[in-house]
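A quick write-up on the structure given underneath.
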Amino acid sequence: MAGSGRVNTAIIAAARLGQKDAQARLLNELQDPWFRLSVSLLGNAEVARDAVQETALRFLRQLPTFAGQSELKTWAIGIAINVVREMKRKRRPIPVPQPMLSPAADVESEQAEERQVIAAVLAELPERQREAIVLRFFQEMSVQQTAAAMSCAEGTVKATVHQALRAMRAKLSGRRMTEMDPRHSG
Amino acid sequence: MSNVRQQLHAAKAAYDGMKYPGNLAAEVLFRQKRTSRWMVRAAALGAIAAALTVAAILNFRPNHVKPGGNGAGALATTLKAPPAQESAAVSPVSLEMPGMPQFPEGMSMVPSAGSFADLPGMPLMPSLSTIETEFQEPSPTTQEAL
């Protein structure tokens with residue numbers, strides 16, 4: 001992207017003018033970040049694929065209006081978040097979140113189990129908290145970039161991440177208690 | 001770094017391993033192209049249909065106008081495609097409506113006063129006693145039945 005140096009401003013300018021090759025290059029760069037984000041927030045690969053395609057169409061439509069106030073990737077992630085929010089509102093009930101690990105991952109290892117636990121705990125968080133965690137820790141975006149993508153203030157991002165981490169900590173400790181003593185399960 | 005943060009960083013490896021299953025650019029750009037082609041075809045078909053309709057309307061001209069007899073005001077118009085040799089002899093169409101029919105002379109709008117004396121009288125209503133006697137006398141049909 002513009003920040004990473006892989007896609008320079010000339011390609012962005014060409015894509016804004018409607019050149020297909022430049023647009024295709026931008027989409028190639030963005031398809032994986034969009035997909036990861038959508039799977040993490042929607043919890044379903046098929047639904048996430050639909051979300052990515054809708055995001056791409058909207059991205060191409062809105063590209064001429066891109067003012068360059070933020071990085072293109074941040075702006076594009078913001079579009080994906082809006083699409084995911086709209087899909088969640090329209091598609092109820094939301095499909096049961098599946099662990100965001102691929103089946104090919106090392107299933108039997110202890111690390112894989114921990115990741116699945118994290119994925120399950122993440123899926124239980126409120127929407128905004130999940131978005132903030134995914135953007136900050138998985139997309140490795142700064143507080144400023146996360147705020148731009150989520151269309152909120154930086155202070156809101158900090159508070160949301162703090163609440164999310166606290167909630168995750170509580171859920172993880174609750175799970176451990178349940179594993180140690182099943183009577184805690186309730 | 002807290003335990004949760006460590007676990008999140010560990011989970012990031014799996015997150016980074018996810019790839020979009022396909023070629024987004026080909027899917028989206030092809031879809032846009034297909035949509036625009038479909039729109040162009042629809043617009044072309046619509047334009048052809050409109051042109052045919054206009055041509056049909058322009059080719060069908062009224063051949064002649066016959067007034068419907070007795071001045072009844074019937075405007076008979078025959079729509080027929082004129083043959084090529086008759087096209088020069090087509091008479092202009094007159095759209096003037098015939099005049100109003102005249103009111104017949106010697107007829108007044110109000111009936112004459114003398115005609116009221118010739119009205120027939122009201123029919124007589126049967127009295128109640130007459131009806132009762134009719135019901136008391138058994139009809140021959142009833143007697144035969146008994």
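Following the order of the structure tokens, chains are lettered A, B, ..., residues in each are numbered from 1, and ligands are numbered from 1.
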
Leaving out stretch 36-43 of chain A and any residue of its chain fewer than 4 positions from it, which residues lie within 10 Å of it when counting only C-alpha atoms, given as a VMD selection string? (chain A and resid 31 to 32 47 to 52 55 77 80 to 81 83 to 85 87 to 88 94 to 101 119 to 120 122 to 123 127 to 128 130 to 131 134 to 135 138 to 139) or (chain B and resid 14 to 20)

Skipping near chain neighbours, those fewer than 6 positions away, what residues fall within 12 Å of A:Gln163 using only C-alpha atoms, listed as a list of chain:residue names? A:Leu125, A:Pro126, A:Arg128, A:Gln129, A:Arg130, A:Ala132, A:Ile133, A:Thr156, A:Val157, A:Arg169, A:Ala170

At a cut-off of 9 Å, using only C-alpha atoms, what residues contact A:Arg16? Leave out same-chain residues fewer than 5 positions from it and give the result as JSON, numbers by chain. {"A": [11, 22, 23, 60, 62, 63, 64, 65, 66]}

Identify all chain B residues at most 12 Å from chain A by counting only C-alpha atoms; ligands do not count. Present them as an MDAnalysis selection string. chainID B and resid 1:33

File of the preceding selection, C-alpha atoms, as a PDB file, in the first residue's frame:
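Contents of out12.pdb, as written:
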ATOM      1  CA  MET B   1       2.951  -8.112  28.353  1.00  0.00           C
ATOM      2  CA  SER B   2      -0.142  -9.681  29.803  1.00  0.00           C
ATOM      3  CA  ASN B   3      -1.254 -13.206  29.113  1.00  0.00           C
ATOM      4  CA  VAL B   4      -4.118 -12.062  26.896  1.00  0.00           C
ATOM      5  CA  ARG B   5      -1.813  -9.950  24.761  1.00  0.00           C
ATOM      6  CA  GLN B   6       0.589 -12.859  24.403  1.00  0.00           C
ATOM      7  CA  GLN B   7      -2.223 -15.110  23.297  1.00  0.00           C
ATOM      8  CA  LEU B   8      -3.440 -12.509  20.829  1.00  0.00           C
ATOM      9  CA  HIS B   9       0.018 -12.226  19.316  1.00  0.00           C
ATOM     10  CA  ALA B  10       0.193 -15.994  19.099  1.00  0.00           C
ATOM     11  CA  ALA B  11      -3.179 -16.083  17.341  1.00  0.00           C
ATOM     12  CA  LYS B  12      -1.969 -13.506  14.840  1.00  0.00           C
ATOM     13  CA  ALA B  13       0.058 -16.171  13.061  1.00  0.00           C
ATOM     14  CA  ALA B  14      -3.123 -18.035  12.206  1.00  0.00           C
ATOM     15  CA  TYR B  15      -4.765 -14.753  11.220  1.00  0.00           C
ATOM     16  CA  ASP B  16      -1.946 -13.959   8.800  1.00  0.00           C
ATOM     17  CA  GLY B  17      -2.214 -17.419   7.312  1.00  0.00           C
ATOM     18  CA  MET B  18      -5.687 -16.785   5.919  1.00  0.00           C
ATOM     19  CA  LYS B  19      -5.873 -16.028   2.220  1.00  0.00           C
ATOM     20  CA  TYR B  20      -8.731 -14.955   0.034  1.00  0.00           C
ATOM     21  CA  PRO B  21      -9.926 -18.082  -1.834  1.00  0.00           C
ATOM     22  CA  GLY B  22      -9.846 -16.758  -5.382  1.00  0.00           C
ATOM     23  CA  ASN B  23      -8.891 -13.792  -7.506  1.00  0.00           C
ATOM     24  CA  LEU B  24     -10.849 -10.812  -6.308  1.00  0.00           C
ATOM     25  CA  ALA B  25      -9.801  -8.534  -9.160  1.00  0.00           C
ATOM     26  CA  ALA B  26     -10.940 -11.017 -11.784  1.00  0.00           C
ATOM     27  CA  GLU B  27     -14.222 -11.658  -9.988  1.00  0.00           C
ATOM     28  CA  VAL B  28     -15.129  -8.038  -9.370  1.00  0.00           C
ATOM     29  CA  LEU B  29     -13.826  -6.418 -12.521  1.00  0.00           C
ATOM     30  CA  PHE B  30     -15.352  -9.194 -14.663  1.00  0.00           C
ATOM     31  CA  ARG B  31     -18.658  -8.789 -12.876  1.00  0.00           C
ATOM     32  CA  GLN B  32     -18.622  -5.042 -13.572  1.00  0.00           C
ATOM     33  CA  LYS B  33     -17.810  -5.669 -17.226  1.00  0.00           C
TER      34      LYS B  33
END

Computed gap from atom CA of A:Asn44 to atom CA of A:Cys152 is 26.1 Å

Can you work out the spacing between atom CA of A:Gly78 and atom CA of A:Met150 in Å, to one decimal?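 Between atom CA of A:Gly78 and atom CA of A:Met150 the gap is 6.1 Å.
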
What gap, in Å, lies between atom CA of A:Lys73 and atom CA of A:Glu124?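 Computing it gives 27.0 Å between the two atoms.
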
Could you tell me, as a count of residues only, which residues of stretch 55-171 of chain A DSSP assigns to helix (DSSP H, G or I) when given the backbone? 83
